[in-house]
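Comments concern the structure below.
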Amino acid sequence: MAGTAVSNSTYTTTGGNKTGNYLFPFILVTSLFFLWALIHNLSPVLIPHLKKACQLTDTQSSFIDSSIFFAYFVMAMPAGYVMKKFGYKTGIIFGLLVYAVGAFLFIPAANSGQYSFFLVALFVIASGLTFLETAANPYVTILGKPETATFRLNLAQSFNGVGAMLGPIIGLKYILSGTEYTNEQIAAMSQAQLAAYQASEASTVKMPYMVIGFVVLLVAVLFIITKMPDVKEQDNPEIDATGSKGGFSVTNTW
């Protein structure tokens, strides 16, 4: 297997990559931009919905976003270590699997109706996203000719916008039930009526997040079976033909 040196964020291929084979790997990596934008943009719908379903205070509902940002804080260094030790492809696959697990956790969370369970599910999803966002940008830049790297990155990042657009639409259509009660009506409910109402509201998240989980698993499988260059950070970067040092090595696995 041949290696590739990197110079000042420019990837110089020395292994004779078949550039025609980069299209499908590029599509796969681009899908990551869509997947994390989609889940982030479900939050504006999810926060008021869980506030209603779990009868949360404003302070409690604020922890929904906080659990996501806390995961980014906690997992940033582990994600960097995994990329450095095992490569970006391995990191992406791991991140997708964690993402899928978090999405599937919404099913038992909805069944239990426990607010803390939803926070755990969101934390797990965001932990997976940390790995994806760490790897996606540098990976896109090596999937083709160095002179078109900026174009590829801009194209891939444009799918953030697609996810940002579809996220609220999916949330509004499949998560929000449309059933609204005033505080007075809720206070007038019996314990059994209130429990049934909350269970019904919580259950609407099951199908969207289950579908997202299966889609993410499918993307993970495609990454596993697709041959693509692997990228690792180096402690002692190699010197390329121009005499410049780089911070990554690219190994061809075609």
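Here, A, B, ... name the chains of the structure tokens in the order displayed, residue numbers run from 1 inside each chain, and ligands are numbered from 1 in the same displayed order.
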(request) Might you pull out every residue within 8 Å of stretch 194-200 of chain A, with only C-alpha atoms counted and same-chain residues fewer than 2 positions away left off, and present them as a VMD selection string? (result) chain A and resid 52 to 54 110 to 111 113 186 189 to 192 202 to 204
Each residue of stretch 13-86 of chain A with at least one atom at most 7 Å from stretch 160-173 of chain A should appear once, together with its nearest atom pair and the corresponding distance in Å (one decimal); atoms considered: only C-alpha atoms; ordering: chain, then increasing residue number; output as a Markdown table.
| residue | atom | partner | partner_atom | distance |
| --- | --- | --- | --- | --- |
| A:Phe33 | CA | A:Asn160 | CA | 5.3 |
| A:Phe34 | CA | A:Gly163 | CA | 4.8 |
| A:Leu35 | CA | A:Gly163 | CA | 6.7 |
| A:Ala37 | CA | A:Gly163 | CA | 4.8 |
| A:Leu38 | CA | A:Gly163 | CA | 4.2 |
| A:Ile39 | CA | A:Gly167 | CA | 6.7 |
| A:Asn41 | CA | A:Gly167 | CA | 4.9 |
| A:Leu42 | CA | A:Gly167 | CA | 4.9 |
| A:Val45 | CA | A:Gly171 | CA | 5.7 |
Closest atom pairs, residues of stretch 12-59 of chain A within 10 Å of stretch 122-140 of chain A, only C-alpha atoms, as a tab-separated table:
residue	atom	partner	partner_atom	distance
A:Tyr22	CA	A:Val140	CA	9.9
A:Pro25	CA	A:Val140	CA	8.9
A:Phe26	CA	A:Val140	CA	6.5
A:Ile27	CA	A:Val140	CA	9.5
A:Leu28	CA	A:Val140	CA	9.8
A:Val29	CA	A:Ala136	CA	6.2
A:Thr30	CA	A:Val140	CA	7.6
A:Ser31	CA	A:Ala136	CA	9.6
A:Leu32	CA	A:Leu132	CA	6.7
A:Phe33	CA	A:Ala136	CA	7.6
A:Leu35	CA	A:Leu129	CA	8.8
A:Trp36	CA	A:Leu129	CA	6.3
A:Ala37	CA	A:Leu129	CA	9.7
A:Ile39	CA	A:Ile125	CA	8.6
A:His40	CA	A:Ala126	CA	9.0
A:Ser43	CA	A:Leu122	CA	9.8
May I have the residues from that selection written out with C-alpha atoms, as a PDB file, in the first residue's frame?
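Saved the output as out27.pdb:
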ATOM      1  CA  TYR A  22     -13.639   8.806  -5.473  1.00  0.00           C
ATOM      2  CA  PRO A  25     -16.753   7.730  -1.167  1.00  0.00           C
ATOM      3  CA  PHE A  26     -17.337  11.460  -1.640  1.00  0.00           C
ATOM      4  CA  ILE A  27     -21.115  10.903  -1.648  1.00  0.00           C
ATOM      5  CA  LEU A  28     -20.828   8.883   1.557  1.00  0.00           C
ATOM      6  CA  VAL A  29     -18.777  11.537   3.342  1.00  0.00           C
ATOM      7  CA  THR A  30     -21.109  14.266   2.081  1.00  0.00           C
ATOM      8  CA  SER A  31     -24.041  12.393   3.620  1.00  0.00           C
ATOM      9  CA  LEU A  32     -22.458  12.990   7.041  1.00  0.00           C
ATOM     10  CA  PHE A  33     -22.964  16.748   6.674  1.00  0.00           C
ATOM     11  CA  LEU A  35     -27.041  13.642   8.897  1.00  0.00           C
ATOM     12  CA  TRP A  36     -25.653  15.868  11.622  1.00  0.00           C
ATOM     13  CA  ALA A  37     -27.515  18.968  10.362  1.00  0.00           C
ATOM     14  CA  ILE A  39     -30.468  15.919  13.986  1.00  0.00           C
ATOM     15  CA  HIS A  40     -29.370  19.361  15.151  1.00  0.00           C
ATOM     16  CA  SER A  43     -33.962  20.226  18.425  1.00  0.00           C
TER      17      SER A  43
END
(request) Tell me, as number ranges by chain, which residues lie within 7 Å of A:Leu153, counting only C-alpha atoms; anything in the same chain fewer than 2 positions away does not count. (result) A: 137, 140-141, 149-151, 155-157
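Separating atom CA of A:Ala103 from atom CA of A:Val82 is a distance of 22.0 Å.
Here atom CA of A:Gln114 and atom CA of A:Pro78 stand 28.5 Å from one another.
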